Amino acid sequence: MSNTDSPPNSEAPSRAAAATLEFREATKLYPGQSDPAVDKLSLEVPSGHICVLVGPSGCGKTTAMRMVNRMIDITDGDILLDGGSIRDRKPAELRREIGYAIQQIGLFPHLSIADNIATVPKLLGWDKGRIATRVDELLELVSLDPDETRDRYPAQLSGGQRQRVGVARALAVDPPLMLMDEPFGAIDPINRERLQNEFLRLQKEIRKTIVFVTHDIDEAIKMGDKIAILQKGGKLAQYAPPAELLMHPANEFVEEFVGADRSLKRLALQRVRDIDLWTAAQVREGEPVAEARRKIEDSDIEIALLVDDDGRPQGWLADAALGGERVERKLRSAADPIVELDDILRDALADLLMSDTRYGPVVDDAGRVAGVLSIDVIGNFLHDAPTEARSGAELVEEEV
Amino acid sequence: MTFEPLLAQLETRDRSGAGCVAENGFCPDWIADNYERYVDPFVQHIYLTIIPVAIGFAIAFGLALLAHRRQWLVGPVIGITGALYTIPSVAFFFLLQPLTGLGNTTAIVALVCYTLLIIFRNVITGLRAVPDEAKDAARGMGLTDRQMLWRVELPLALPEILAGLRIATTTTVGLAALAFLAGAGGLGAELDQDPFFKSNVAVAGGLAILLAALLDVIILGFQRIATPWQRAGI
C-alpha cells in the first residue's frame, strides 16, 4: 500500500508533547432521534491532564470521546485540538495523531506484537530502523521485555500483557492526545489496579493529554485530574477535580453517582501525612515516672506509648507501669496497628477498624513514632474539608 | 447434441492384448506400457482445473469485495451463483454448446460458474468474521477503508478464503472429468473411452484423485506459510 494519503510533514512526530482539547457545545444528534446522544458538551482539557468521562451506560461518554477523532462526527458545536477545529481535518490524518486504546484492545491477531505496535509508524512511512527502535522503546515503557515479546502474536500473551501492548501501540508515534475507552475494563481487579498504577506512573513520564472513559467512579477518581460526570442524554452534570466532586457534588445526580460512601472515597485520595495527627507521650523504659506523666499531660491522648531507644513503638503502657519511681515495661496492648506516614488514609482507617485499639501509632520512614492516628482524627478531617485535596494521579506519582 | 460421437468413439477404441487385458482386468504390465497415453489428458485436466478456478476466483473475489461495502449485493449474488451451482453439469455442458461450441471455452465457462458460489460465500464469511474490535482499532488509528481491507480484513479472512478455494479446486477436478462432454478432453475422455477396462479406469481415475489431492496440499501448504499466527497457540 502506498502512503500517498499521509501528510507530508508526517516525518516529525516530535511535535508538542501534549495538546489542549476543548469541547465547545459539541453535540451529536443521530438522524431520526429527538434527543441528542451528546448535548452541548463544553469542557476544556489542559495539556498534560487526564480528563475522565464517567457516567452510567447510555450517558454518551463513549460517543463524546469518539467525537474527538471523528469516529463519530459532531452534528453541532465544535471540538478544538490545540486551538484548531477537528472539523477541518481529514479523519484518517487526524486519527493518526491521536492515540487510541479501547477496552477490547483490538490487537490484530495476524500481526506480531512488533507489527501491531508499528501500525501507525508504518502508515506514516517511518523507515525500518526507526520503527524497530521505537517498538523496543515502547515495550520497555510498558514493562514488557522486548526480546521476549516483539515476535509473538497477540494470542500468545496474557490479557494484561495484551492491554500493555494496546497502550504501547496507542503511544507509538508519541501522539499529543490519547483517547482511552475503558482500557482496563476487561482486566481482573488485581491486575487492573496494577495497570492503573503503572499507567499513572507512565503518565508522569509522558505527560500526555488524555481523555479517559469509564463507567467506574472509583477508577475515575483514581485516574482523573479532572472528572466530567455525564448523565443520560449526554448532558454534563459536573466537571471538577476528584476531591471537589466528592466534597461538593453539583446536584443530586452527581451525589448519587459518586455514591453514599463519597467521604470514604475522599480518604482514598489522602495519605496519613496529609492530616493533623495527634501527639502521644513517648516514654522509654526506666524513665522517671514524673517525666512520663508530664509528657502525657502535654500530649493529645491520655495513655503513653512505650518506645525503644530508636523511638520505635513497643506498645501502649498499662497504668501499672507508672506505679513506681521508674517506668516499667507493663503493656496494656501491643502497638498495633502501626500506620506509616505514606499509607493511604482509607487503608489506615481499615486497619484501625480491624484492631482492638482505637489508636494507631504512625511511624516515619525510619520506623520512629511521628504521631497517632485515630478514628476521631479521620472523622475530624472529613468534617474540616481541606482546601487542597489531591487527585489519585498525584498520589501514585509520589510513590515513584 | 447427441451422444452419437461418444458412442462412435467407444466402438473405435483400439485395444489389443490377451489374458488380463482381454478380461478387462487390472494389468500393471499394460499400465507400464501405456502410461504415455495419459500424459496429455492429465495435462489437459490440470488446465481444465486451474484456469476455471483462477477465473472463478477472480470473479467471485471481485464480487465479494464489491458486496463487502454494499451488503445489499450479497443476497442477489448468492441467489444468482447459487442458481448456477444447481444446474446439473451434464446439462450445462450441452446447454452452452450452441453458444460457445465444442471445446475448452464451453468447459471453462461451465466450470467457472460452479466455483463462484463457494468462493464468494467463503470470502464474504471470512470478511464478516473479522473481529469488530480489530476493525475499530484500525479505524481509530487512521487506516483508510482501503488500508483496512488489505492490511487487516483480508489477512484475517485468508483462512476462510483459502478453505473456499480448496473446496472449489477439489470440486472442479471432479467436474472437469465430465468436460469431455463439451469436447474439452481431459481424464474424463480416457475414462469414457474404455469404462469397462479396470486398468484404464484405475489410471485415469487415480490421476484425477491424485491431482485433487496434490492441489489441495499445495493450497494448504500456502495457507500454513501465509497464516503463521494461526499456529501460534497459547
# chains A, B, ... in the order shown; residues from 1 in each chain; ligands from 1

$ closest_atom_pairs --of "chain A" --to "chain B" --cutoff "9 Å" --atoms "only C-alpha atoms" --output "CSV"
residue,atom,partner,partner_atom,distance
A:Met1,CA,B:Gln147,CA,7.1
A:Asp5,CA,B:Thr144,CA,9.0
A:Arg66,CA,B:Gly140,CA,8.8
A:Asn69,CA,B:Gly140,CA,7.4
A:Arg70,CA,B:Gly140,CA,8.7
A:Met71,CA,B:Gly140,CA,6.8
A:Pro91,CA,B:Gly142,CA,7.3
A:Ala92,CA,B:Gly142,CA,4.2
A:Glu93,CA,B:Gly142,CA,6.2
A:Leu94,CA,B:Gly142,CA,7.3
A:Arg95,CA,B:Gly142,CA,4.7
A:Arg96,CA,B:Gly142,CA,4.9
A:Glu97,CA,B:Met141,CA,8.3
A:Ile98,CA,B:Met141,CA,7.5
A:Gly99,CA,B:Met141,CA,7.1
A:Tyr100,CA,B:Gly140,CA,6.0
A:Ala101,CA,B:Ala137,CA,7.4
A:Ile102,CA,B:Ala137,CA,7.4
A:Gln103,CA,B:Glu133,CA,8.9
A:Gln104,CA,B:Glu133,CA,6.0
A:Ile105,CA,B:Glu133,CA,7.0
A:Gly106,CA,B:Ala134,CA,4.1
A:Leu107,CA,B:Ala134,CA,6.0
A:Phe108,CA,B:Ala134,CA,5.8
A:Pro109,CA,B:Trp229,CA,7.0
A:His110,CA,B:Trp229,CA,5.3
A:Leu111,CA,B:Trp229,CA,7.2
A:Ser112,CA,B:Trp229,CA,7.9
A:Thr119,CA,B:Met141,CA,7.9
A:Val120,CA,B:Met141,CA,6.6
A:Leu123,CA,B:Leu143,CA,7.6
A:Arg152,CA,B:Ala232,CA,7.9
A:Tyr153,CA,B:Trp229,CA,6.3
A:Pro154,CA,B:Trp229,CA,8.7
A:Ala155,CA,B:Ile234,CA,6.1
A:Gln156,CA,B:Ile234,CA,4.6
A:Leu157,CA,B:Ile234,CA,7.4
A:Ser158,CA,B:Ile234,CA,9.0
A:Ala170,CA,B:Met141,CA,7.8

$ residues_around --residues "Ser374 of chain A" --least-positions-apart "2" --cutoff "10 Å" --atoms "only C-alpha atoms" --output "PyMOL selection string"
chain A and resi 277-278+348-349+352-353+357-362+372+376-380

$ atom_distance --atom1 "atom CA of His49 of chain A" --atom2 "atom CA of Asp225 of chain A"
6.0 Å

$ residues_around --residues "Phe94 of chain B" --least-positions-apart "4" --cutoff "12 Å" --atoms "only C-alpha atoms" --output "mmCIF file with N, CA, C and O atoms, in the first residue's frame"
data_model
loop_
_atom_site.group_PDB
_atom_site.id
_atom_site.type_symbol
_atom_site.label_atom_id
_atom_site.label_comp_id
_atom_site.auth_asym_id
_atom_site.auth_seq_id
_atom_site.Cartn_x
_atom_site.Cartn_y
_atom_site.Cartn_z
ATOM 1 N N MET B 1 -26.339 -32.389 -30.745
ATOM 2 C CA MET B 1 -26.378 -32.562 -29.301
ATOM 3 C C MET B 1 -26.842 -33.968 -28.935
ATOM 4 O O MET B 1 -27.838 -34.150 -28.289
ATOM 5 N N THR B 2 -26.100 -34.931 -29.402
ATOM 6 C CA THR B 2 -26.452 -36.312 -29.028
ATOM 7 C C THR B 2 -25.219 -37.019 -28.524
ATOM 8 O O THR B 2 -24.116 -36.470 -28.544
ATOM 9 N N PHE B 3 -25.420 -38.198 -28.064
ATOM 10 C CA PHE B 3 -24.298 -38.993 -27.576
ATOM 11 C C PHE B 3 -23.593 -39.726 -28.720
ATOM 12 O O PHE B 3 -22.642 -40.433 -28.491
ATOM 13 N N ILE B 87 -27.397 -26.080 -11.533
ATOM 14 C CA ILE B 87 -27.592 -26.652 -12.870
ATOM 15 C C ILE B 87 -26.785 -27.958 -12.960
ATOM 16 O O ILE B 87 -25.595 -27.966 -12.669
ATOM 17 N N PRO B 88 -27.415 -29.032 -13.337
ATOM 18 C CA PRO B 88 -26.652 -30.288 -13.487
ATOM 19 C C PRO B 88 -25.530 -30.086 -14.498
ATOM 20 O O PRO B 88 -25.731 -29.479 -15.553
ATOM 21 N N SER B 89 -24.373 -30.590 -14.181
ATOM 22 C CA SER B 89 -23.210 -30.279 -15.012
ATOM 23 C C SER B 89 -23.360 -30.821 -16.430
ATOM 24 O O SER B 89 -23.004 -30.156 -17.395
ATOM 25 N N VAL B 90 -23.897 -32.024 -16.549
ATOM 26 C CA VAL B 90 -24.052 -32.608 -17.890
ATOM 27 C C VAL B 90 -24.919 -31.693 -18.751
ATOM 28 O O VAL B 90 -24.569 -31.356 -19.881
ATOM 29 N N PRO B 98 -24.485 -24.502 -28.016
ATOM 30 C CA PRO B 98 -24.928 -23.616 -29.107
ATOM 31 C C PRO B 98 -24.271 -22.245 -29.016
ATOM 32 O O PRO B 98 -24.098 -21.570 -30.034
ATOM 33 N N LEU B 99 -23.902 -21.830 -27.829
ATOM 34 C CA LEU B 99 -23.309 -20.506 -27.652
ATOM 35 C C LEU B 99 -21.808 -20.523 -27.885
ATOM 36 O O LEU B 99 -21.232 -19.652 -28.525
ATOM 37 N N THR B 100 -21.141 -21.502 -27.322
ATOM 38 C CA THR B 100 -19.680 -21.474 -27.338
ATOM 39 C C THR B 100 -19.060 -22.642 -28.087
ATOM 40 O O THR B 100 -17.849 -22.759 -28.148
ATOM 41 N N GLY B 101 -19.883 -23.503 -28.627
ATOM 42 C CA GLY B 101 -19.374 -24.606 -29.429
ATOM 43 C C GLY B 101 -18.704 -25.676 -28.606
ATOM 44 O O GLY B 101 -18.700 -25.642 -27.370
ATOM 45 N N LEU B 102 -18.130 -26.634 -29.303
ATOM 46 C CA LEU B 102 -17.411 -27.702 -28.609
ATOM 47 C C LEU B 102 -16.005 -27.238 -28.279
ATOM 48 O O LEU B 102 -15.389 -26.528 -29.059
ATOM 49 N N GLY B 103 -15.511 -27.621 -27.080
ATOM 50 C CA GLY B 103 -14.108 -27.308 -26.787
ATOM 51 C C GLY B 103 -13.908 -26.667 -25.419
ATOM 52 O O GLY B 103 -14.820 -26.627 -24.590
ATOM 53 N N THR B 106 -16.372 -23.797 -23.720
ATOM 54 C CA THR B 106 -17.600 -24.292 -23.097
ATOM 55 C C THR B 106 -17.292 -24.904 -21.734
ATOM 56 O O THR B 106 -17.957 -24.605 -20.730
ATOM 57 N N ALA B 107 -16.298 -25.759 -21.717
ATOM 58 C CA ALA B 107 -15.945 -26.425 -20.461
ATOM 59 C C ALA B 107 -15.559 -25.402 -19.397
ATOM 60 O O ALA B 107 -16.028 -25.458 -18.258
ATOM 61 N N VAL B 109 -16.223 -22.129 -19.183
ATOM 62 C CA VAL B 109 -17.343 -21.295 -18.752
ATOM 63 C C VAL B 109 -18.177 -22.037 -17.711
ATOM 64 O O VAL B 109 -18.500 -21.504 -16.641
ATOM 65 N N ALA B 110 -18.506 -23.279 -18.005
ATOM 66 C CA ALA B 110 -19.329 -24.048 -17.070
ATOM 67 C C ALA B 110 -18.598 -24.252 -15.748
ATOM 68 O O ALA B 110 -19.158 -24.043 -14.663
ATOM 69 N N LEU B 178 -16.015 -34.454 -16.518
ATOM 70 C CA LEU B 178 -17.149 -34.502 -17.442
ATOM 71 C C LEU B 178 -16.967 -33.531 -18.610
ATOM 72 O O LEU B 178 -17.814 -33.426 -19.478
ATOM 73 N N ALA B 179 -15.848 -32.797 -18.572
ATOM 74 C CA ALA B 179 -15.637 -31.755 -19.581
ATOM 75 C C ALA B 179 -15.540 -32.350 -20.987
ATOM 76 O O ALA B 179 -15.727 -31.647 -21.977
ATOM 77 N N PHE B 180 -15.249 -33.681 -21.084
ATOM 78 C CA PHE B 180 -15.181 -34.304 -22.418
ATOM 79 C C PHE B 180 -16.543 -34.198 -23.112
ATOM 80 O O PHE B 180 -16.630 -34.210 -24.331
ATOM 81 N N LEU B 181 -17.621 -34.075 -22.323
ATOM 82 C CA LEU B 181 -18.957 -33.930 -22.911
ATOM 83 C C LEU B 181 -19.053 -32.639 -23.703
ATOM 84 O O LEU B 181 -19.864 -32.498 -24.598
ATOM 85 N N ALA B 182 -18.219 -31.647 -23.322
ATOM 86 C CA ALA B 182 -18.187 -30.391 -24.057
ATOM 87 C C ALA B 182 -17.070 -30.429 -25.091
ATOM 88 O O ALA B 182 -16.742 -29.418 -25.689
ATOM 89 N N GLY B 183 -16.476 -31.601 -25.237
ATOM 90 C CA GLY B 183 -15.422 -31.748 -26.230
ATOM 91 C C GLY B 183 -14.104 -31.172 -25.790
ATOM 92 O O GLY B 183 -13.271 -30.784 -26.590
#

$ residues_around --residues "Leu207 of chain B" --least-positions-apart "5" --cutoff "10 Å" --atoms "only C-alpha atoms" --output "MDAnalysis selection string"
chainID B and resid 38:39 41:42 45 187 201:202 212:213

$ write_last_selection --atoms "all heavy atoms" --output "CSV table (one decimal), in the first residue's frame"
chain,number,residue,atom,x,y,z
B,38,TYR,N,-1.7,-41.2,-21.2
B,38,TYR,CA,-2.5,-40.4,-20.2
B,38,TYR,C,-1.8,-39.1,-19.9
B,38,TYR,O,-2.4,-38.2,-19.2
B,38,TYR,CB,-2.6,-41.2,-18.8
B,38,TYR,CG,-3.4,-42.5,-19.0
B,38,TYR,CD1,-2.8,-43.7,-19.2
B,38,TYR,CD2,-4.8,-42.4,-19.0
B,38,TYR,CE1,-3.6,-44.8,-19.3
B,38,TYR,CE2,-5.6,-43.5,-19.1
B,38,TYR,CZ,-5.0,-44.7,-19.3
B,38,TYR,OH,-5.7,-45.8,-19.5
B,39,VAL,N,-0.6,-38.9,-20.4
B,39,VAL,CA,0.1,-37.6,-20.1
B,39,VAL,C,-0.7,-36.4,-20.6
B,39,VAL,O,-1.0,-35.5,-19.9
B,39,VAL,CB,1.5,-37.6,-20.7
B,39,VAL,CG1,2.2,-36.3,-20.5
B,39,VAL,CG2,2.4,-38.7,-20.0
B,41,PRO,N,-3.9,-36.1,-21.6
B,41,PRO,CA,-5.2,-35.8,-20.9
B,41,PRO,C,-5.0,-35.3,-19.5
B,41,PRO,O,-5.7,-34.5,-19.0
B,41,PRO,CB,-5.8,-37.2,-20.9
B,41,PRO,CG,-5.2,-38.0,-22.0
B,41,PRO,CD,-3.8,-37.4,-22.1
B,42,PHE,N,-3.9,-35.8,-18.8
B,42,PHE,CA,-3.6,-35.3,-17.5
B,42,PHE,C,-3.3,-33.8,-17.5
B,42,PHE,O,-3.9,-33.0,-16.7
B,42,PHE,CB,-2.5,-36.1,-16.9
B,42,PHE,CG,-2.2,-35.8,-15.4
B,42,PHE,CD1,-3.1,-35.9,-14.4
B,42,PHE,CD2,-0.9,-35.3,-15.1
B,42,PHE,CE1,-2.9,-35.6,-13.1
B,42,PHE,CE2,-0.6,-35.0,-13.7
B,42,PHE,CZ,-1.6,-35.1,-12.8
B,45,HIS,N,-6.3,-31.9,-18.0
B,45,HIS,CA,-7.1,-31.9,-16.8
B,45,HIS,C,-6.7,-30.8,-15.9
B,45,HIS,O,-7.5,-30.1,-15.2
B,45,HIS,CB,-7.2,-33.3,-16.1
B,45,HIS,CG,-8.4,-33.6,-15.4
B,45,HIS,ND1,-9.5,-34.3,-15.9
B,45,HIS,CD2,-8.8,-33.2,-14.2
B,45,HIS,CE1,-10.4,-34.4,-15.0
B,45,HIS,NE2,-10.1,-33.7,-14.0
B,187,LEU,N,-9.0,-36.2,-18.4
B,187,LEU,CA,-9.0,-37.6,-18.0
B,187,LEU,C,-10.4,-38.2,-18.1
B,187,LEU,O,-10.5,-39.4,-18.4
B,187,LEU,CB,-8.6,-37.7,-16.5
B,187,LEU,CG,-7.1,-37.3,-16.2
B,187,LEU,CD1,-6.9,-37.1,-14.7
B,187,LEU,CD2,-6.2,-38.3,-16.8
B,201,VAL,N,-9.6,-47.4,-16.0
B,201,VAL,CA,-10.3,-46.7,-15.0
B,201,VAL,C,-9.4,-46.3,-13.8
B,201,VAL,O,-9.4,-45.2,-13.3
B,201,VAL,CB,-11.6,-47.5,-14.5
B,201,VAL,CG1,-12.2,-46.8,-13.4
B,201,VAL,CG2,-12.5,-47.7,-15.7
B,202,ALA,N,-8.6,-47.3,-13.5
B,202,ALA,CA,-7.7,-47.1,-12.3
B,202,ALA,C,-6.7,-45.9,-12.6
B,202,ALA,O,-6.5,-45.1,-11.7
B,202,ALA,CB,-6.9,-48.4,-12.0
B,212,ALA,N,-6.4,-33.9,-7.5
B,212,ALA,CA,-7.2,-33.2,-6.5
B,212,ALA,C,-6.4,-33.1,-5.2
B,212,ALA,O,-6.3,-32.0,-4.5
B,212,ALA,CB,-8.5,-33.9,-6.2
B,213,ALA,N,-5.8,-34.2,-4.8
B,213,ALA,CA,-5.1,-34.2,-3.5
B,213,ALA,C,-3.9,-33.3,-3.6
B,213,ALA,O,-3.6,-32.6,-2.6
B,213,ALA,CB,-4.6,-35.7,-3.2

$ decode --residues "segment 295-323 of chain A" --atoms "N, CA, C and O atoms" --output "PDB file, in the first residue's frame"
ATOM      1  N   LYS A 295       4.835  14.239  80.216  1.00  0.00           N
ATOM      2  CA  LYS A 295       4.672  14.039  78.765  1.00  0.00           C
ATOM      3  C   LYS A 295       3.218  13.737  78.405  1.00  0.00           C
ATOM      4  O   LYS A 295       2.696  14.230  77.404  1.00  0.00           O
ATOM      5  N   ILE A 296       2.602  12.939  79.266  1.00  0.00           N
ATOM      6  CA  ILE A 296       1.196  12.589  78.990  1.00  0.00           C
ATOM      7  C   ILE A 296       0.323  13.838  79.053  1.00  0.00           C
ATOM      8  O   ILE A 296      -0.573  14.042  78.229  1.00  0.00           O
ATOM      9  N   GLU A 297       0.614  14.711  80.046  1.00  0.00           N
ATOM     10  CA  GLU A 297      -0.106  15.980  80.164  1.00  0.00           C
ATOM     11  C   GLU A 297      -0.063  16.765  78.854  1.00  0.00           C
ATOM     12  O   GLU A 297      -1.068  17.304  78.400  1.00  0.00           O
ATOM     13  N   ASP A 298       1.130  16.816  78.277  1.00  0.00           N
ATOM     14  CA  ASP A 298       1.348  17.623  77.072  1.00  0.00           C
ATOM     15  C   ASP A 298       0.793  16.999  75.802  1.00  0.00           C
ATOM     16  O   ASP A 298       0.754  17.643  74.752  1.00  0.00           O
ATOM     17  N   SER A 299       0.434  15.726  75.844  1.00  0.00           N
ATOM     18  CA  SER A 299       0.040  15.054  74.603  1.00  0.00           C
ATOM     19  C   SER A 299      -1.468  15.108  74.407  1.00  0.00           C
ATOM     20  O   SER A 299      -2.207  15.555  75.284  1.00  0.00           O
ATOM     21  N   ASP A 300      -1.897  14.670  73.260  1.00  0.00           N
ATOM     22  CA  ASP A 300      -3.321  14.739  72.921  1.00  0.00           C
ATOM     23  C   ASP A 300      -4.115  13.595  73.528  1.00  0.00           C
ATOM     24  O   ASP A 300      -5.339  13.653  73.587  1.00  0.00           O
ATOM     25  N   ILE A 301      -3.460  12.516  73.891  1.00  0.00           N
ATOM     26  CA  ILE A 301      -4.208  11.394  74.455  1.00  0.00           C
ATOM     27  C   ILE A 301      -3.687  11.036  75.836  1.00  0.00           C
ATOM     28  O   ILE A 301      -2.568  11.425  76.218  1.00  0.00           O
ATOM     29  N   GLU A 302      -4.491  10.279  76.570  1.00  0.00           N
ATOM     30  CA  GLU A 302      -4.191  10.090  77.976  1.00  0.00           C
ATOM     31  C   GLU A 302      -3.325   8.885  78.271  1.00  0.00           C
ATOM     32  O   GLU A 302      -2.968   8.636  79.418  1.00  0.00           O
ATOM     33  N   ILE A 303      -3.027   8.117  77.255  1.00  0.00           N
ATOM     34  CA  ILE A 303      -2.150   6.981  77.525  1.00  0.00           C
ATOM     35  C   ILE A 303      -0.820   7.193  76.804  1.00  0.00           C
ATOM     36  O   ILE A 303      -0.739   7.955  75.836  1.00  0.00           O
ATOM     37  N   ALA A 304       0.192   6.514  77.324  1.00  0.00           N
ATOM     38  CA  ALA A 304       1.534   6.733  76.791  1.00  0.00           C
ATOM     39  C   ALA A 304       1.969   5.555  75.932  1.00  0.00           C
ATOM     40  O   ALA A 304       1.537   4.425  76.127  1.00  0.00           O
ATOM     41  N   LEU A 305       2.830   5.880  75.019  1.00  0.00           N
ATOM     42  CA  LEU A 305       3.352   4.876  74.097  1.00  0.00           C
ATOM     43  C   LEU A 305       4.778   4.548  74.525  1.00  0.00           C
ATOM     44  O   LEU A 305       5.618   5.440  74.678  1.00  0.00           O
ATOM     45  N   LEU A 306       5.049   3.270  74.761  1.00  0.00           N
ATOM     46  CA  LEU A 306       6.404   2.860  75.105  1.00  0.00           C
ATOM     47  C   LEU A 306       7.212   2.731  73.816  1.00  0.00           C
ATOM     48  O   LEU A 306       6.784   2.063  72.864  1.00  0.00           O
ATOM     49  N   VAL A 307       8.347   3.425  73.761  1.00  0.00           N
ATOM     50  CA  VAL A 307       9.191   3.325  72.564  1.00  0.00           C
ATOM     51  C   VAL A 307      10.565   2.806  72.970  1.00  0.00           C
ATOM     52  O   VAL A 307      10.969   2.921  74.128  1.00  0.00           O
ATOM     53  N   ASP A 308      11.277   2.215  71.993  1.00  0.00           N
ATOM     54  CA  ASP A 308      12.627   1.744  72.293  1.00  0.00           C
ATOM     55  C   ASP A 308      13.614   2.898  72.115  1.00  0.00           C
ATOM     56  O   ASP A 308      13.219   4.038  71.846  1.00  0.00           O
ATOM     57  N   ASP A 309      14.906   2.589  72.237  1.00  0.00           N
ATOM     58  CA  ASP A 309      15.908   3.662  72.188  1.00  0.00           C
ATOM     59  C   ASP A 309      15.918   4.399  70.860  1.00  0.00           C
ATOM     60  O   ASP A 309      16.326   5.555  70.780  1.00  0.00           O
ATOM     61  N   ASP A 310      15.471   3.722  69.807  1.00  0.00           N
ATOM     62  CA  ASP A 310      15.434   4.368  68.492  1.00  0.00           C
ATOM     63  C   ASP A 310      14.107   5.057  68.212  1.00  0.00           C
ATOM     64  O   ASP A 310      13.874   5.521  67.101  1.00  0.00           O
ATOM     65  N   GLY A 311      13.242   5.089  69.194  1.00  0.00           N
ATOM     66  CA  GLY A 311      11.956   5.756  69.000  1.00  0.00           C
ATOM     67  C   GLY A 311      10.920   4.900  68.318  1.00  0.00           C
ATOM     68  O   GLY A 311       9.897   5.411  67.844  1.00  0.00           O
ATOM     69  N   ARG A 312      11.167   3.582  68.222  1.00  0.00           N
ATOM     70  CA  ARG A 312      10.185   2.712  67.573  1.00  0.00           C
ATOM     71  C   ARG A 312       9.139   2.259  68.589  1.00  0.00           C
ATOM     72  O   ARG A 312       9.470   1.928  69.724  1.00  0.00           O
ATOM     73  N   PRO A 313       7.879   2.243  68.196  1.00  0.00           N
ATOM     74  CA  PRO A 313       6.801   1.914  69.140  1.00  0.00           C
ATOM     75  C   PRO A 313       6.861   0.467  69.617  1.00  0.00           C
ATOM     76  O   PRO A 313       7.075  -0.449  68.813  1.00  0.00           O
ATOM     77  N   GLN A 314       6.698   0.290  70.954  1.00  0.00           N
ATOM     78  CA  GLN A 314       6.713  -1.052  71.540  1.00  0.00           C
ATOM     79  C   GLN A 314       5.318  -1.485  71.991  1.00  0.00           C
ATOM     80  O   GLN A 314       4.996  -2.670  71.964  1.00  0.00           O
ATOM     81  N   GLY A 315       4.525  -0.534  72.445  1.00  0.00           N
ATOM     82  CA  GLY A 315       3.183  -0.874  72.895  1.00  0.00           C
ATOM     83  C   GLY A 315       2.609   0.241  73.752  1.00  0.00           C
ATOM     84  O   GLY A 315       3.303   1.223  74.063  1.00  0.00           O
ATOM     85  N   TRP A 316       1.325   0.121  74.076  1.00  0.00           N
ATOM     86  CA  TRP A 316       0.671   1.117  74.915  1.00  0.00           C
ATOM     87  C   TRP A 316       0.890   0.732  76.387  1.00  0.00           C
ATOM     88  O   TRP A 316       0.661  -0.402  76.773  1.00  0.00           O
ATOM     89  N   LEU A 317       1.338   1.720  77.202  1.00  0.00           N
ATOM     90  CA  LEU A 317       1.640   1.431  78.601  1.00  0.00           C
ATOM     91  C   LEU A 317       0.375   1.212  79.427  1.00  0.00           C
ATOM     92  O   LEU A 317      -0.611   1.930  79.269  1.00  0.00           O
ATOM     93  N   ALA A 318       0.442   0.195  80.299  1.00  0.00           N
ATOM     94  CA  ALA A 318      -0.640  -0.004  81.265  1.00  0.00           C
ATOM     95  C   ALA A 318      -0.452   0.991  82.416  1.00  0.00           C
ATOM     96  O   ALA A 318       0.656   1.503  82.633  1.00  0.00           O
ATOM     97  N   ASP A 319      -1.520   1.314  83.165  1.00  0.00           N
ATOM     98  CA  ASP A 319      -1.411   2.228  84.300  1.00  0.00           C
ATOM     99  C   ASP A 319      -0.377   1.722  85.299  1.00  0.00           C
ATOM    100  O   ASP A 319       0.362   2.496  85.908  1.00  0.00           O
ATOM    101  N   ALA A 320      -0.330   0.395  85.462  1.00  0.00           N
ATOM    102  CA  ALA A 320       0.581  -0.208  86.425  1.00  0.00           C
ATOM    103  C   ALA A 320       2.038   0.115  86.137  1.00  0.00           C
ATOM    104  O   ALA A 320       2.878   0.134  87.040  1.00  0.00           O
ATOM    105  N   ALA A 321       2.352   0.437  84.879  1.00  0.00           N
ATOM    106  CA  ALA A 321       3.730   0.723  84.510  1.00  0.00           C
ATOM    107  C   ALA A 321       4.219   2.007  85.173  1.00  0.00           C
ATOM    108  O   ALA A 321       5.417   2.238  85.334  1.00  0.00           O
ATOM    109  N   LEU A 322       3.275   2.883  85.514  1.00  0.00           N
ATOM    110  CA  LEU A 322       3.636   4.155  86.101  1.00  0.00           C
ATOM    111  C   LEU A 322       3.450   4.159  87.628  1.00  0.00           C
ATOM    112  O   LEU A 322       3.413   5.216  88.252  1.00  0.00           O
ATOM    113  N   GLY A 323       3.352   2.946  88.193  1.00  0.00           N
ATOM    114  CA  GLY A 323       3.092   2.824  89.631  1.00  0.00           C
ATOM    115  C   GLY A 323       4.302   3.163  90.495  1.00  0.00           C
ATOM    116  O   GLY A 323       4.176   3.654  91.606  1.00  0.00           O
TER     117      GLY A 323
END
